[in-house]
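Read the structure below first, then the notes.
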Amino acid sequence: MRKKVLEAIQQHVAAAYPNEACGVIVQNGRAQQYIPCRNTAEVPTENFTLAPEDFTAAEALGEVLMIIHSHPDVVQLIPSEMDRIQCDWSGVEWGIMSWPDGDFCTLSPRVDRDYTGRPWVIGYADCWSLIKEYYSREFSLALGDYSVPLEWWIDGKEALYDDNWEKEGFAEISTSDLRHGDIIMMRLQSSVTNHAAVYLGENIILHHLSGQLSTRIPYGSYHRDRTVRIVRHKELMNA
């Protein structure tokens, strides 16, 4: 990274401290430029939300090369799993600077990463986000986002899966017709459907349970007994 750009990042990070700073590096002709952006997070000392209009304005100046943010008052600069997930989603490199230490590290998006072994991060790496990515990569189908950073199923007042599977283009099928790509929807210690898995064939499912790593396991009696419905996307009916 060019010294002038790194100095601009340091100045912004120092000025924003103790909040997290955020911004982008753009390629403007032959020059690289750091564009400071606003952090609109509700708790800016703990995380960041880059103002969308600031990002749009930066894109107008040139190609976005890197998204930058800071980690204030950390003992050691280690990217969080949330950082890695959001870097994957962004599709561009990320840079993180600790402050007041001034250490700097970069992340690259993880391309074609395995579906298993992923840490649980509620609202960002859970059963639905896994299904959403699987459908995008394997079937080129875009599903709505029903991963939210709270345990909405606890009191039974919300039913995100029950209320939205038909809207997402799924139709219920018979258990006897189960095949690759079908979604198995379940109730696990809840009065509403709160878990879902992709059927991979040969009695294997891919899923991500709360608090655990994502995994492939046999579709055994525990999950069969808690299955509410099995659905297939209408685009896959004749596949």
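Chain identifiers are assigned as A, B, and so on, following the order in which chains appear in the structure tokens; residues are numbered from 1 within each chain, and ligands are numbered from 1 in order of appearance.
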
Excluding His223 in chain A and residues on its chain fewer than 6 positions from it, collect all residues at most 9 Å away from it, counting only C-alpha atoms, and give them as number ranges by chain. A: 186-188

So that I can see what lies close to Gln76 in chain A, please list as a CSV table (one decimal) with C-alpha atoms, in the first residue's frame the residues with an atom at most 10 Å from it, counting only C-alpha atoms and leaving out residues fewer than 4 positions away in the same chain.
chain,number,residue,atom,x,y,z
A,71,HIS,CA,-10.4,-1.9,15.6
A,98,SER,CA,-5.8,-1.2,15.1
A,101,ASP,CA,-1.3,0.7,18.0
A,103,ASP,CA,-1.1,-2.2,13.1

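The shortest atom-to-atom distance to Tyr135 in chain A, with only C-alpha atoms taken into account, belongs to A:Tyr199 out of A:Trp99, A:Tyr199, A:Trp120, A:Trp153.
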
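The closest residue to Arg110 in chain A, picked from A:Asp88, A:Asp162, A:Asp73, A:Glu202 and counting only C-alpha atoms, is A:Asp88.
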
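All residues within range 88-187 of chain A that the backbone DSSP calculation assigns to helix (DSSP H, G or I) are A:Asp88, A:Trp89, A:Ser90, A:Cys127, A:Trp128, A:Ser129, A:Leu130, A:Ile131, A:Lys132, A:Glu133, A:Tyr134, A:Tyr135, A:Ser136, A:Arg137, A:Glu138, A:Phe139, A:Leu160, A:Tyr161, A:Asp162, A:Asp163, A:Asn164, A:Thr175, A:Ser176, A:Asp177.
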
Of the candidates A:Leu213, A:Cys87, A:Leu50, A:Ile68, which one gets nearest to Pro119 in chain A if we count only C-alpha atoms? A:Leu213

Please report, as an NGL selection string, each residue of range 91-214 of chain A to which DSSP assigns strand (DSSP E) when run on this structure's backbone. :A and (93-99 or 104-107 or 170-173 or 183-186 or 195-201 or 204-207)

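Take CA of Gln11 in chain A and CA of Pro36 in chain A: the distance between them is 9.9 Å.
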
Identify, on the basis of only C-alpha atoms, every residue whose closest approach to range 55-63 of chain A does not exceed 6 Å; exclude the query and any residue fewer than 6 positions from it along the same chain; express the result as a PyMOL selection string. chain A and resi 26-28

With distances taken over only C-alpha atoms, which of A:Ser140, A:Gln86, A:Asn164, A:Asn238 is nearest to Met185 in chain A? A:Asn164

Fewer than 3 positions away in the same chain doesn't count, so skip those; otherwise give me all residues within 9 Å of range 154-158 of chain A, counting only C-alpha atoms, as a list of chain:residue names. A:Glu151, A:Asp163, A:Gln189, A:Ser190, A:Ser191, A:Val192

Determine, using only C-alpha atoms, which residues of range 102-195 of chain A have any atom at most 12 Å from an atom of range 203-206 of chain A, and tabulate each with its shortest atom pair and distance in Å to one decimal place, rows ordered by chain and then rising number, as CSV.
residue,atom,partner,partner_atom,distance
A:Asp114,CA,A:Leu206,CA,11.2
A:Tyr115,CA,A:Leu206,CA,8.0
A:Thr116,CA,A:Leu206,CA,7.9
A:Gly117,CA,A:Leu206,CA,11.0
A:Arg118,CA,A:Leu206,CA,11.8
A:Asp126,CA,A:Leu206,CA,11.6
A:Cys127,CA,A:Leu206,CA,8.9
A:Trp128,CA,A:Leu206,CA,11.1
A:Leu130,CA,A:Leu206,CA,8.6
A:Ile131,CA,A:Leu206,CA,8.5
A:Glu133,CA,A:Leu206,CA,12.0
A:Tyr134,CA,A:Leu206,CA,9.6
A:Thr175,CA,A:Asn203,CA,11.8
A:Ser176,CA,A:Asn203,CA,12.0
A:Leu178,CA,A:Asn203,CA,9.3
A:Arg179,CA,A:Asn203,CA,9.2
A:His180,CA,A:Ile205,CA,9.3
A:Gly181,CA,A:Ile205,CA,9.6
A:Asp182,CA,A:Ile205,CA,9.7
A:Ile183,CA,A:Ile205,CA,9.2
A:Ile184,CA,A:Ile205,CA,8.6
A:Met185,CA,A:Ile205,CA,11.4
A:His195,CA,A:Leu206,CA,11.6
